[in-house]
Structures are given as structure tokens and as C-alpha cells.
Amino acid sequence: MTAGKMIGMAVVLLFTAAAPLGLMAWLHKKRGGRWLSFLIGALFFPVFAMMLEPLLHIVALKSPLGAVMQNNIWVLGLYGGLAAGLFEETGRLVAFKMVLRNEEAPVTALSYGLGHGGMEAFLLVGMAMVNNLLLGMLLMGGGEIPPELAEAADTLTTTPAVMFLWSVLERVSAMTVHAANSVLVFAAVRTGKWLLFPAAILLHAGMNFVAVVSAAFLPTAAVEGLVLAFALLTAILAAKVYRGLVLQADAREEL
């Protein structure tokens with residue numbers, strides 16, 4: 001275990017905690033984003049992605065599809081992407097239609113997206129870095145490694161420091177898509193253009209599919225490059241929709 005690895009993991013942990021909060025603080029100050037929307041997004045991610053979605057996985061893995069997924073990365077990527085898209089985008093739909101139904105400002109979508117993506121980053125990556133840092137300190141101190149942590153310790157000691165930093169770029173891409181898809185679902189609810197909702201599901205599924213399948217064939221740099229490109233294309237689409245929402249809001253204020 002080296003100091004470089006410890007620093008890399010600490011940087012990733014700091015990013016997952018500070019980036020969403022910092023962006024939301026800027027959005028609140030400059031665009032009037034509300035922390036309530038951010039908190040709802042942060043709450044809805046674990047409910048829909050970590051509590052409800054796994055129920056589907058239990059059923060799917062016990063079905064004939066489960067055996068197919070274990071032996072076919074393409075099917076696994078397609079199923080995993082669609083499942084994540086369906087549950088997380090439905091979470092956004094419920095939030096905007098029910099919990100945040102009185103929030104009309106377009107910035108609500110971005111605030112929710114930062115909360116959703118930020119909570120995902122912290123729970124999936126940040127907490128993993130916490131565990132890695134604790135294990136790393138144990139290794140550096142020469143402490144005895146419990147048998148149940150032996151495999152994790154081997155992985156940690158053989159992973160290059162730079163690999164941890166790729167997690168930052170991966171989270172940038174993920175948070176970009178979460179913000180973009182929040183705009184699409186918000187627009188679907190507020191404007192009645194309901195095709196934007198399945199579009200968000202498919203875009204979410206597409207990014208996950210690209211990440212899972214490409215990781216089986218390409219080096220990490222190529223995978224993260226593809227995922228970032230997908231995220232930027234999604235953001236471009238969402239930016240166009242967002243501008244339309246802003247123009248509609250401005251028109252309402254002038255009446």
C-alpha cells in the first residue's frame with residue numbers, strides 16, 4: 001500500500017461529497033435552486049435504486065433470464081440498463097408529479113438531478129473509498145488482515161493509484177446524465193410532452209449498457225471516454241429542452 005493510492009482514494013471520496021454540494025450551493029446562489037429539491041433527489045435515489053430495483057433483480061435472477069445474463073454480457077448490459085432506467089426515471093416522475101408538484105421553476109430539475117446523482121456518487125463510490133481507506137491504513141500499519149478481507153486487500157494492493165482517479169471522471173459522466181434526465185422528466189411532467197419520459201429511460205439504459213459492455217472488451221480509458229461522450233450528447237439534448245422550459249417560464253411571468 002502506497003501513499004499515492006491513499007491520496008487517490010481520499011481525492012475520490014472528497015469529490016463525491018464536495019462536488020454535488022458545491023454545485024448545488026452555486027445553483028442556489030446563482031439560479032435560485034432550492035435545497036428541498038436537492039434533498040428529495042438525494043432521498044429518492046436509494047428508495048428507487050437500492051430498495052425497489054433490487055426486488056426486480058431477485059425475480060429476474062431466479063428466472064430463465066438469470067442464467068442467460070450470467071453468460072451473456074450483452075443481455076446483462078441491456079437488462080441492467082433498462083432496470084436502472086425504469087426505476088430511477090420513475091422515481092423522478094413521482095417526485096416531480098407528486099412531491100415537487102408545486103415547483104414550477106426549471107431549475108428544480110437540475111437541483112433534483114444533483115441530489116440524485118450526488119447521493120449515488122457518495123453511496124456507491126464514496127463509501128467504497130471509505131472502506132478502502134480504512135483497509136489501506138490497516139495495511140500500512142502492518143495490522144493483521146481478517147480472512148474475510150484478504151481478497152479485498154489483495155485487490156487494493158494490486159490496483160494502480162490512477163485507477164481510483166478514473167472514478168472521478170465516471171461520476172462526472174453519471175451526474176451529468178442524472179441532471180440531464182431530470183430535465184427531460186421534469187419537462188415531460190410540466191409540458192405534457194410524455195415521450196420525453198421513455199426517452200429518459202432509454203438514455204439512462206443506453207449509458208449503462210455502454211458502460212457494462214465496453215468494460216468487457218476495452219481498457220478503462222476507452223470505457224470512460226465512451227461514457228463521457230454519451231453523457232455529453234445527453235446533456236446537449238437536455239440543454240435544448242431546458243432552454244424551452246426557461247422561455248416558457250419567462251413568458252408566464254410576462255403575462
# chains A, B, ... in the order shown; residues from 1 in each chain; ligands from 1
>>> residues_around(residues="A:Val168", least_positions_apart="4", cutoff="8 Å", atoms="only C-alpha atoms", output="mmCIF file with N, CA and C atoms, in the first residue's frame")
data_model
loop_
_atom_site.group_PDB
_atom_site.id
_atom_site.type_symbol
_atom_site.label_atom_id
_atom_site.label_comp_id
_atom_site.auth_asym_id
_atom_site.auth_seq_id
_atom_site.Cartn_x
_atom_site.Cartn_y
_atom_site.Cartn_z
ATOM 1 N N VAL A 12 -10.959 10.953 -4.387
ATOM 2 C CA VAL A 12 -12.248 10.462 -4.892
ATOM 3 C C VAL A 12 -13.334 10.655 -3.842
ATOM 4 N N PHE A 15 -14.272 14.273 -3.625
ATOM 5 C CA PHE A 15 -15.048 14.689 -4.794
ATOM 6 C C PHE A 15 -16.506 14.270 -4.670
ATOM 7 N N THR A 16 -16.752 13.022 -4.274
ATOM 8 C CA THR A 16 -18.137 12.532 -4.201
ATOM 9 C C THR A 16 -18.957 13.295 -3.166
ATOM 10 N N PHE A 164 -8.078 4.643 -9.295
ATOM 11 C CA PHE A 164 -9.062 5.252 -8.406
ATOM 12 C C PHE A 164 -9.533 6.597 -8.961
ATOM 13 N N VAL A 172 -18.472 12.139 -12.893
ATOM 14 C CA VAL A 172 -18.822 13.346 -13.656
ATOM 15 C C VAL A 172 -19.824 12.982 -14.747
#
>>> residues_around(residues="A:Ala84", least_positions_apart="4", cutoff="12 Å", atoms="only C-alpha atoms", output="MDAnalysis selection string")
chainID A and resid 45:46 48:54 56:57 76:80 88:91 178 200:209
>>> closest_residue(among="A:Val130, A:Leu39, A:Met163, A:Ala179", to="A:Ala221", atoms="only C-alpha atoms")
A:Met163
>>> select_by_dssp(residues="stretch 23-208 of chain A", states="alpha helix (DSSP H)", output="PyMOL selection string")
chain A and resi 23-31+35-45+53-62+64-71+73-94+107-120+127-140+150-158+161-191+196-208
>>> atom_distance(atom1="atom CA of A:Glu103", atom2="atom CA of A:Gly33")
10.4 Å
>>> residues_around(residues="A:Tyr242", least_positions_apart="6", cutoff="9 Å", atoms="only C-alpha atoms", output="number ranges by chain")
A: 106-107, 180, 183-184, 187
